[in-house]
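Coordinates as given in target-v1.pdb (PDB, C-alpha atoms):
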MODEL        1
ATOM      1  CA  MET E   1      -1.795  26.161 -15.637
ATOM      2  CA  LYS E   2      -5.364  26.791 -14.437
ATOM      3  CA  VAL E   3      -7.138  23.628 -13.254
ATOM      4  CA  GLU E   4     -10.831  23.096 -12.500
ATOM      5  CA  GLN E   5     -11.958  19.786 -11.017
ATOM      6  CA  ARG E   6     -15.365  18.264 -10.274
ATOM      7  CA  GLN E   7     -16.569  15.068  -8.656
ATOM      8  CA  PRO E   8     -19.057  12.883 -10.547
ATOM      9  CA  THR E   9     -22.661  12.359  -9.459
ATOM     10  CA  PRO E  10     -23.108   9.647  -6.783
ATOM     11  CA  ALA E  11     -24.379   7.141  -9.362
ATOM     12  CA  LEU E  12     -21.046   7.298 -11.206
ATOM     13  CA  ARG E  13     -18.588   7.386  -8.303
ATOM     14  CA  ASP E  14     -17.786   3.681  -8.473
ATOM     15  CA  ILE E  15     -16.738   4.204 -12.118
ATOM     16  CA  ILE E  16     -15.394   7.771 -12.384
ATOM     17  CA  ARG E  17     -12.838   9.352 -10.081
ATOM     18  CA  SER E  18     -13.030  12.932 -11.363
ATOM     19  CA  PHE E  19     -13.566  15.356 -14.213
ATOM     20  CA  SER E  20     -11.003  18.110 -14.705
ATOM     21  CA  GLU E  21     -10.194  20.844 -17.173
ATOM     22  CA  ARG E  22      -6.798  22.475 -17.680
ATOM     23  CA  THR E  23      -6.147  25.721 -19.513
ATOM     24  CA  ALA E  24      -2.955  27.655 -20.244
ATOM     25  CA  ARG E  25      -1.698  30.163 -22.802
ATOM     26  CA  LEU E  26       1.863  29.269 -23.721
ATOM     27  CA  GLY E  27       1.980  30.914 -27.144
ATOM     28  CA  ALA E  28       5.259  30.196 -28.891
ATOM     29  CA  ALA E  29       6.821  28.889 -25.676
ATOM     30  CA  SER E  30       7.277  25.160 -25.229
ATOM     31  CA  VAL E  31       7.233  23.268 -21.923
ATOM     32  CA  SER E  32       8.516  19.698 -21.735
ATOM     33  CA  ALA E  33       8.468  17.324 -18.775
ATOM     34  CA  PRO E  34       8.832  13.606 -18.001
ATOM     35  CA  LEU E  35       5.891  11.614 -16.647
ATOM     36  CA  PRO E  36       5.945   9.038 -13.856
ATOM     37  CA  ALA E  37       4.190   5.685 -13.956
ATOM     38  CA  ARG E  38       0.530   6.228 -13.056
ATOM     39  CA  PRO E  39      -2.230   3.839 -11.943
ATOM     40  CA  ASP E  40      -5.346   5.536 -13.364
ATOM     41  CA  PRO E  41      -6.754   5.169 -16.881
ATOM     42  CA  PHE E  42      -8.333   8.284 -18.365
ATOM     43  CA  ILE E  43      -9.857   9.796 -21.498
ATOM     44  CA  GLU E  44      -8.570  13.204 -22.547
ATOM     45  CA  PHE E  45     -10.132  15.693 -24.974
ATOM     46  CA  TYR E  46      -7.924  18.353 -26.598
ATOM     47  CA  LEU E  47     -10.199  21.314 -27.136
ATOM     48  CA  GLN E  48      -7.414  23.485 -28.600
ATOM     49  CA  ASP E  49      -3.767  22.559 -29.230
ATOM     50  CA  ARG E  50      -2.764  18.964 -28.572
ATOM     51  CA  TYR E  51       0.030  17.667 -26.402
ATOM     52  CA  ALA E  52       3.031  15.973 -27.998
ATOM     53  CA  VAL E  53       4.282  12.714 -26.453
ATOM     54  CA  SER E  54       7.565  10.850 -26.904
ATOM     55  CA  HIS E  55       8.834   7.550 -25.506
ATOM     56  CA  ASP E  56      12.406   6.555 -24.679
ATOM     57  CA  GLY E  57      13.905   9.597 -26.381
ATOM     58  CA  GLY E  58      12.064   9.006 -29.664
ATOM     59  CA  PRO E  59      10.382  11.706 -31.745
ATOM     60  CA  ALA E  60       7.431  13.560 -30.212
ATOM     61  CA  GLN E  61       4.070  12.899 -31.846
ATOM     62  CA  ALA E  62       0.809  14.790 -31.419
ATOM     63  CA  THR E  63      -1.837  12.964 -29.427
ATOM     64  CA  PRO E  64      -5.152  12.048 -31.054
ATOM     65  CA  GLU E  65      -7.881  14.664 -30.661
ATOM     66  CA  VAL E  66      -9.498  12.407 -28.050
ATOM     67  CA  VAL E  67      -7.187   9.862 -26.460
ATOM     68  CA  PHE E  68      -7.635   6.937 -24.097
ATOM     69  CA  VAL E  69      -4.588   6.487 -21.855
ATOM     70  CA  GLY E  70      -4.258   3.220 -19.971
ATOM     71  CA  PRO E  71      -2.453   2.663 -16.668
ATOM     72  CA  GLN E  72       1.217   3.513 -17.073
ATOM     73  CA  SER E  73       4.090   1.370 -15.857
ATOM     74  CA  TYR E  74       6.306   3.180 -18.368
ATOM     75  CA  ARG E  75       9.142   5.430 -17.208
ATOM     76  CA  GLY E  76      10.363   6.835 -20.541
ATOM     77  CA  THR E  77       7.425   9.072 -21.452
ATOM     78  CA  ARG E  78       7.856  12.820 -22.002
ATOM     79  CA  LEU E  79       5.110  15.385 -22.524
ATOM     80  CA  THR E  80       5.533  18.627 -24.495
ATOM     81  CA  LEU E  81       3.038  21.495 -24.321
ATOM     82  CA  SER E  82       2.823  24.639 -26.451
ATOM     83  CA  GLY E  83       0.251  27.017 -27.871
ATOM     84  CA  GLU E  84      -3.256  27.255 -26.382
ATOM     85  CA  ILE E  85      -3.901  24.481 -23.864
ATOM     86  CA  HIS E  86      -7.495  23.509 -23.091
ATOM     87  CA  VAL E  87      -7.921  19.887 -22.033
ATOM     88  CA  LEU E  88     -10.813  17.973 -20.467
ATOM     89  CA  THR E  89      -9.925  14.775 -18.591
ATOM     90  CA  ILE E  90     -12.273  12.005 -17.447
ATOM     91  CA  ARG E  91     -10.335   9.940 -14.911
ATOM     92  CA  PHE E  92     -11.598   6.443 -14.077
ATOM     93  CA  GLN E  93     -11.640   4.640 -10.762
ATOM     94  CA  PRO E  94      -9.499   1.473 -10.575
ATOM     95  CA  GLY E  95     -11.466  -1.151 -12.470
ATOM     96  CA  GLY E  96     -14.068   1.373 -13.654
ATOM     97  CA  PHE E  97     -13.188   1.191 -17.333
ATOM     98  CA  HIS E  98     -13.130  -2.619 -17.210
ATOM     99  CA  ALA E  99     -16.539  -2.698 -15.494
ATOM    100  CA  LEU E 100     -18.035  -0.428 -18.167
ATOM    101  CA  PHE E 101     -16.619  -2.143 -21.222
ATOM    102  CA  GLY E 102     -15.292  -5.553 -20.154
ATOM    103  CA  MET E 103     -11.917  -5.070 -21.810
ATOM    104  CA  PRO E 104      -8.861  -6.779 -20.275
ATOM    105  CA  MET E 105      -7.001  -3.780 -18.883
ATOM    106  CA  VAL E 106      -3.649  -5.546 -19.091
ATOM    107  CA  GLU E 107      -3.904  -5.104 -22.888
ATOM    108  CA  LEU E 108      -4.215  -1.321 -22.443
ATOM    109  CA  VAL E 109      -1.275  -0.755 -20.090
ATOM    110  CA  ASP E 110       1.234   1.814 -21.425
ATOM    111  CA  GLN E 111      -1.099   2.618 -24.324
ATOM    112  CA  GLY E 112      -2.311   5.984 -25.592
ATOM    113  CA  LEU E 113      -4.889   5.342 -28.319
ATOM    114  CA  ALA E 114      -7.582   7.284 -30.139
ATOM    115  CA  VAL E 115     -10.768   6.716 -28.168
ATOM    116  CA  THR E 116     -12.522   5.653 -31.369
ATOM    117  CA  ASP E 117      -9.953   2.855 -31.809
ATOM    118  CA  VAL E 118     -10.698   1.595 -28.307
ATOM    119  CA  LEU E 119     -14.479   2.080 -28.135
ATOM    120  CA  GLY E 120     -15.537   2.246 -31.788
ATOM    121  CA  PRO E 121     -18.912   3.975 -32.407
ATOM    122  CA  ARG E 122     -19.386   4.580 -28.673
ATOM    123  CA  GLY E 123     -16.127   6.538 -28.680
ATOM    124  CA  THR E 124     -17.324   8.550 -31.666
ATOM    125  CA  ALA E 125     -20.547   9.425 -29.850
ATOM    126  CA  LEU E 126     -18.616  10.513 -26.756
ATOM    127  CA  ARG E 127     -16.234  12.640 -28.801
ATOM    128  CA  ASP E 128     -19.097  14.369 -30.621
ATOM    129  CA  VAL E 129     -21.135  15.275 -27.522
ATOM    130  CA  ILE E 130     -18.112  16.606 -25.646
ATOM    131  CA  LEU E 131     -16.674  18.643 -28.509
ATOM    132  CA  SER E 132     -20.041  20.250 -29.223
ATOM    133  CA  ALA E 133     -20.633  21.308 -25.584
ATOM    134  CA  ARG E 134     -20.202  25.022 -24.881
ATOM    135  CA  ASP E 135     -18.415  25.063 -21.478
ATOM    136  CA  PHE E 136     -17.071  22.923 -18.619
ATOM    137  CA  ASP E 137     -20.480  22.426 -16.983
ATOM    138  CA  ALA E 138     -22.035  21.380 -20.275
ATOM    139  CA  ARG E 139     -19.147  19.023 -21.016
ATOM    140  CA  ILE E 140     -19.548  17.333 -17.621
ATOM    141  CA  ALA E 141     -23.312  17.003 -18.166
ATOM    142  CA  ALA E 142     -22.730  15.479 -21.605
ATOM    143  CA  ALA E 143     -20.098  13.072 -20.285
ATOM    144  CA  GLU E 144     -22.307  11.979 -17.389
ATOM    145  CA  ALA E 145     -25.276  11.361 -19.691
ATOM    146  CA  TRP E 146     -23.073   9.258 -21.993
ATOM    147  CA  LEU E 147     -21.649   7.335 -19.030
ATOM    148  CA  ALA E 148     -25.145   6.697 -17.642
ATOM    149  CA  ASP E 149     -26.085   5.133 -20.981
ATOM    150  CA  GLN E 150     -23.044   2.844 -20.800
ATOM    151  CA  LEU E 151     -23.972   1.780 -17.253
ATOM    152  CA  ALA E 152     -27.258   0.329 -18.442
ATOM    153  CA  ASP E 153     -25.474  -2.681 -19.969
ATOM    154  CA  ALA E 154     -22.338  -2.718 -17.805
ATOM    155  CA  ALA E 155     -21.208  -4.956 -14.981
ATOM    156  CA  ARG E 156     -21.027  -3.302 -11.598
ATOM    157  CA  PRO E 157     -17.566  -2.900 -10.052
ATOM    158  CA  ASP E 158     -16.879  -5.996  -7.957
ATOM    159  CA  ARG E 159     -14.778  -6.971  -4.944
ATOM    160  CA  ILE E 160     -11.501  -6.647  -6.877
ATOM    161  CA  CYS E 161     -12.355  -3.060  -7.842
ATOM    162  CA  ALA E 162     -13.303  -2.243  -4.244
ATOM    163  CA  LEU E 163      -9.990  -3.633  -2.967
ATOM    164  CA  ALA E 164      -8.035  -1.685  -5.602
ATOM    165  CA  ARG E 165      -9.819   1.503  -4.530
ATOM    166  CA  ALA E 166      -8.997   0.731  -0.901
ATOM    167  CA  LEU E 167      -5.351   0.201  -1.859
ATOM    168  CA  ARG E 168      -5.366   3.553  -3.650
ATOM    169  CA  ARG E 169      -6.980   5.367  -0.706
ATOM    170  CA  SER E 170      -4.347   3.875   1.615
ATOM    171  CA  GLY E 171      -1.584   5.346  -0.513
ATOM    172  CA  GLY E 172      -0.449   1.853  -1.523
ATOM    173  CA  ARG E 173       0.146   0.791   2.073
ATOM    174  CA  ILE E 174      -2.132  -2.266   2.436
ATOM    175  CA  ALA E 175      -0.195  -5.543   2.291
ATOM    176  CA  ILE E 176      -0.930  -7.520  -0.883
ATOM    177  CA  GLN E 177      -1.385 -10.729   1.136
ATOM    178  CA  ARG E 178      -4.094  -8.984   3.167
ATOM    179  CA  LEU E 179      -5.898  -7.897  -0.014
ATOM    180  CA  ALA E 180      -5.740 -11.401  -1.470
ATOM    181  CA  ALA E 181      -7.205 -12.819   1.740
ATOM    182  CA  ALA E 182      -9.994 -10.227   1.698
ATOM    183  CA  SER E 183     -10.830 -11.166  -1.905
ATOM    184  CA  GLY E 184     -11.490 -14.794  -0.950
ATOM    185  CA  LEU E 185      -9.127 -15.911  -3.717
ATOM    186  CA  GLY E 186      -5.751 -17.576  -3.711
ATOM    187  CA  SER E 187      -2.752 -15.287  -4.154
ATOM    188  CA  ARG E 188      -2.137 -16.182  -7.809
ATOM    189  CA  GLN E 189      -5.801 -16.015  -8.786
ATOM    190  CA  PHE E 190      -6.156 -12.649  -7.022
ATOM    191  CA  THR E 191      -3.142 -11.271  -8.903
ATOM    192  CA  ARG E 192      -4.511 -12.502 -12.262
ATOM    193  CA  ARG E 193      -7.948 -11.027 -11.620
ATOM    194  CA  PHE E 194      -6.462  -7.754 -10.381
ATOM    195  CA  GLU E 195      -4.252  -7.414 -13.455
ATOM    196  CA  THR E 196      -7.161  -8.167 -15.814
ATOM    197  CA  GLN E 197      -9.468  -5.607 -14.216
ATOM    198  CA  ILE E 198      -7.000  -2.929 -13.105
ATOM    199  CA  GLY E 199      -4.170  -3.369 -15.643
ATOM    200  CA  LEU E 200      -1.187  -3.481 -13.294
ATOM    201  CA  THR E 201      -0.296  -6.204 -10.825
ATOM    202  CA  PRO E 202      -1.189  -5.355  -7.212
ATOM    203  CA  LYS E 203       2.475  -4.765  -6.366
ATOM    204  CA  VAL E 204       3.138  -2.384  -9.275
ATOM    205  CA  PHE E 205      -0.191  -0.621  -8.678
ATOM    206  CA  ALA E 206       0.760  -0.014  -5.033
ATOM    207  CA  ARG E 207       4.218   1.259  -6.012
ATOM    208  CA  THR E 208       2.819   3.745  -8.549
ATOM    209  CA  VAL E 209       0.211   4.984  -6.057
ATOM    210  CA  ARG E 210       2.858   5.520  -3.378
ATOM    211  CA  LEU E 211       5.291   7.270  -5.728
ATOM    212  CA  ASN E 212       2.610   9.640  -7.008
ATOM    213  CA  ALA E 213       1.467  10.347  -3.453
ATOM    214  CA  VAL E 214       4.948  11.643  -2.611
ATOM    215  CA  LEU E 215       5.203  13.687  -5.817
ATOM    216  CA  ASP E 216       1.763  15.233  -5.292
ATOM    217  CA  ALA E 217       2.619  16.046  -1.671
ATOM    218  CA  LYS E 218       5.842  17.725  -2.769
ATOM    219  CA  ALA E 219       3.887  19.811  -5.274
ATOM    220  CA  ARG E 220       1.474  20.910  -2.512
ATOM    221  CA  TYR E 221       4.190  21.510   0.101
ATOM    222  CA  PRO E 222       7.349  22.410  -1.850
ATOM    223  CA  THR E 223       9.312  23.521   1.202
ATOM    224  CA  THR E 224       8.782  20.217   3.034
ATOM    225  CA  ALA E 225      11.849  17.951   2.995
ATOM    226  CA  TRP E 226      11.728  14.793   0.902
ATOM    227  CA  THR E 227      12.565  12.784   4.021
ATOM    228  CA  ALA E 228       9.370  13.856   5.777
ATOM    229  CA  LEU E 229       7.175  13.248   2.721
ATOM    230  CA  VAL E 230       8.716   9.817   2.132
ATOM    231  CA  HIS E 231       8.155   8.839   5.770
ATOM    232  CA  ASP E 232       4.527  10.031   5.669
ATOM    233  CA  ALA E 233       3.920   7.934   2.531
ATOM    234  CA  GLY E 234       5.001   4.773   4.318
ATOM    235  CA  TYR E 235       8.353   4.103   2.661
ATOM    236  CA  ALA E 236      10.788   2.140   4.824
ATOM    237  CA  ASP E 237      13.495   4.713   4.089
ATOM    238  CA  GLN E 238      14.471   7.369   1.565
ATOM    239  CA  ALA E 239      16.703   4.946  -0.360
ATOM    240  CA  HIS E 240      13.617   2.828  -1.132
ATOM    241  CA  PHE E 241      11.805   5.886  -2.499
ATOM    242  CA  VAL E 242      14.806   6.896  -4.612
ATOM    243  CA  ARG E 243      14.917   3.393  -6.148
ATOM    244  CA  ASP E 244      11.201   3.530  -6.933
ATOM    245  CA  CYS E 245      11.556   6.997  -8.452
ATOM    246  CA  ARG E 246      14.393   5.867 -10.703
ATOM    247  CA  GLU E 247      12.510   2.740 -11.789
ATOM    248  CA  LEU E 248       9.042   4.282 -12.219
ATOM    249  CA  ALA E 249       9.921   7.862 -13.186
ATOM    250  CA  GLY E 250      13.344   7.443 -14.747
ATOM    251  CA  ASP E 251      15.419   9.823 -12.620
ATOM    252  CA  ALA E 252      16.385  10.858  -9.106
ATOM    253  CA  PRO E 253      13.556  12.622  -7.219
ATOM    254  CA  GLY E 254      14.974  16.160  -7.246
ATOM    255  CA  ARG E 255      15.794  16.216 -10.962
ATOM    256  CA  PHE E 256      12.553  14.491 -11.943
ATOM    257  CA  PHE E 257      10.374  16.763  -9.822
ATOM    258  CA  ALA E 258      11.997  19.971 -11.097
ATOM    259  CA  GLU E 259      10.904  19.109 -14.660
ATOM    260  CA  TRP E 260       7.644  17.289 -13.901
ATOM    261  CA  GLN E 261       6.006  20.116 -11.997
ATOM    262  CA  GLN E 262       6.219  22.396 -15.065
ATOM    263  CA  CYS E 263       3.398  20.481 -16.766
ATOM    264  CA  ARG E 264       1.047  20.168 -13.792
TER     265      ARG E 264
ENDMDL
END
Produce structure tokens that represent the structure in this file.
Amino acid sequence: MKVEQRQPTPALRDIIRSFSERTARLGAASVSAPLPARPDPFIEFYLQDRYAVSHDGGPAQATPEVVFVGPQSYRGTRLTLSGEIHVLTIRFQPGGFHALFGMPMVELVDQGLAVTDVLGPRGTALRDVILSARDFDARIAAAEAWLADQLADAARPDRICALARALRRSGGRIAIQRLAAASGLGSRQFTRRFETQIGLTPKVFARTVRLNAVLDAKARYPTTAWTALVHDAGYADQAHFVRDCRELAGDAPGRFFAEWQQCR
């Protein structure tokens, strides 16, 4: 899998985490892998063959041509790739999608929906400008122009979004009580606001960030022992990580990782 990634312009960095494009030629071969829970919402454009997605062992179904994927607390999702893969992904910062469109993110958790069903005519406009662009640079330029138009009427990311981004940057290691105190809200009100704007509760968000940090580190440093990666991520012990992996990814780390890395 060839991956290109770009950062957004400074004006969009509170809203957008990254743009990326993946390409692969699989032909008649088929690659299938489970997915872990993930904290980030994103919009994905299938410029050639689409992925197929199944949940809890059910039948695989082709994704929409342009799909919005909300934060994922789900552990029973499996991705299947075949044919000609060419996919553009716009990944949002925590709270970025809520700031742009005001939608309660808790309603979009574990969802994968056609972008036109989520955003209506605005989704149609985004789809059309991206699919008519000639290359990665042009697609990024088109996406950034569309996003700049949305910003004109959007709320700016607030203190909750900033704290969620800090929690993500920390690898999920900031204590939730400390975040609530920094927000100036009571613990319950902070949790409600966080869930509305981010989608997941602060605790689940932190767990998904930490799990993915270990998985990404293992992908970068495959010869490094799990024990070292788990310690670096701030887990109390390896047993804690194994429990999180089973609950948020559906399997023991070694078995999950062996399949998961095939679709990266």
Suppose a student applies the PyMOL selection byres ((chain E and resi 97) around 9) to this structure; what residues should they get, written as a PyMOL selection string? chain E and resi 15-16+41-42+92-96+98-103+105+197-198
Report as number ranges by chain the full result of the PyMOL selection byres ((chain E and resi 250) around 12) when it is applied to this structure. E: 33-37, 55-57, 73-78, 242-249, 251-257, 259-260
Written as an MDAnalysis selection string, which residues does the PyMOL selection byres ((chain E and resi 119) around 12) give for the file shown? chainID E and resid 43 66:68 97:98 100:103 113:118 120:127 150
Looking at E:Tyr51, E:Trp226, E:Tyr235, E:Phe19, which one is nearest to Arg91 of chain E, with distances taken over all atoms listed in the file?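 Going through E:Tyr51, E:Trp226, E:Tyr235, E:Phe19 one by one, the smallest distance to Arg91 of chain E is for E:Phe19.
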Taking into account all atoms listed in the file, which residue in the set E:Leu26, E:Ile90, E:Val53, E:Ala164 is nearest to Leu200 of chain E?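 Nearest candidate to Leu200 of chain E out of E:Leu26, E:Ile90, E:Val53, E:Ala164: E:Ala164.
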Test item: axis-aligned box, all listed atoms of segment 211-223 of chain E, 4 Å on each side, centre and edges in Å rounded to one decimal, as lines of an AutoDock Vina configuration file:
center_x = 5.4
center_y = 15.4
center_z = -2.9
size_x = 15.8
size_y = 24.3
size_z = 16.2
Counting all atoms listed in the file, which residue out of E:Arg134, E:Ala152, E:Leu163, E:Gln261 sits closest to Ala181 of chain E?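 Residue with the minimum atom-to-atom distance to Ala181 of chain E: E:Leu163.
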Just how far from atom CA of Leu108 of chain E is atom CA of Leu167 of chain E, in Å to one decimal?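 These two atoms are separated by 20.7 Å.
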With only C-alpha atoms as the basis for distance, which of E:Glu144, E:Asp110, E:Glu84, E:Glu195 is at the shortest distance from Ser30 of chain E?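 Going through E:Glu144, E:Asp110, E:Glu84, E:Glu195 one by one, the smallest distance to Ser30 of chain E is for E:Glu84.
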Using all atoms listed in the file, find the one residue out of E:Leu179, E:Leu88, E:Leu211, E:Ala154 that sits nearest to Ala138 of chain E.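 For Ala138 of chain E, the nearest of the given residues is E:Leu88.
The space separating atom CA of Asp149 of chain E from atom CA of Phe194 of chain E comes to 25.8 Å.
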When you draw a straight line from atom CA of Gly171 of chain E to atom CA of Arg210 of chain E, how long is it in Å? 5.3 Å
Neighbours of Ala28 of chain E within 12 Å (all atoms listed in the file; same-chain residues fewer than 6 positions away dropped), as an MDAnalysis selection string? chainID E and resid 49 81:85
Writer output for current selection, C-alpha atoms, as a JSON list (two decimals), keeping the file's coordinate frame:
[["chain", "number", "residue", "atom", "x", "y", "z"],
["E", 49, "ASP", "CA", -3.77, 22.56, -29.23],
["E", 81, "LEU", "CA", 3.04, 21.50, -24.32],
["E", 82, "SER", "CA", 2.82, 24.64, -26.45],
["E", 83, "GLY", "CA", 0.25, 27.02, -27.87],
["E", 84, "GLU", "CA", -3.26, 27.26, -26.38],
["E", 85, "ILE", "CA", -3.90, 24.48, -23.86]]
Which residues are near Leu151 of chain E? Cut-off 9 Å, only C-alpha atoms, ignore same chain within fewer than 4 positions. Put them as JSON, numbers by chain. {"E": [12, 99, 100, 146, 147, 155, 156]}
Considering only C-alpha atoms, return as number ranges by chain whatever protein or nucleic-acid residues lie within 12 Å of Ala166 of chain E, sequence-local ones (same chain, fewer than 3 positions apart) excluded. E: 14, 93-95, 159-163, 169-176, 178-179, 182, 202, 205-206, 209
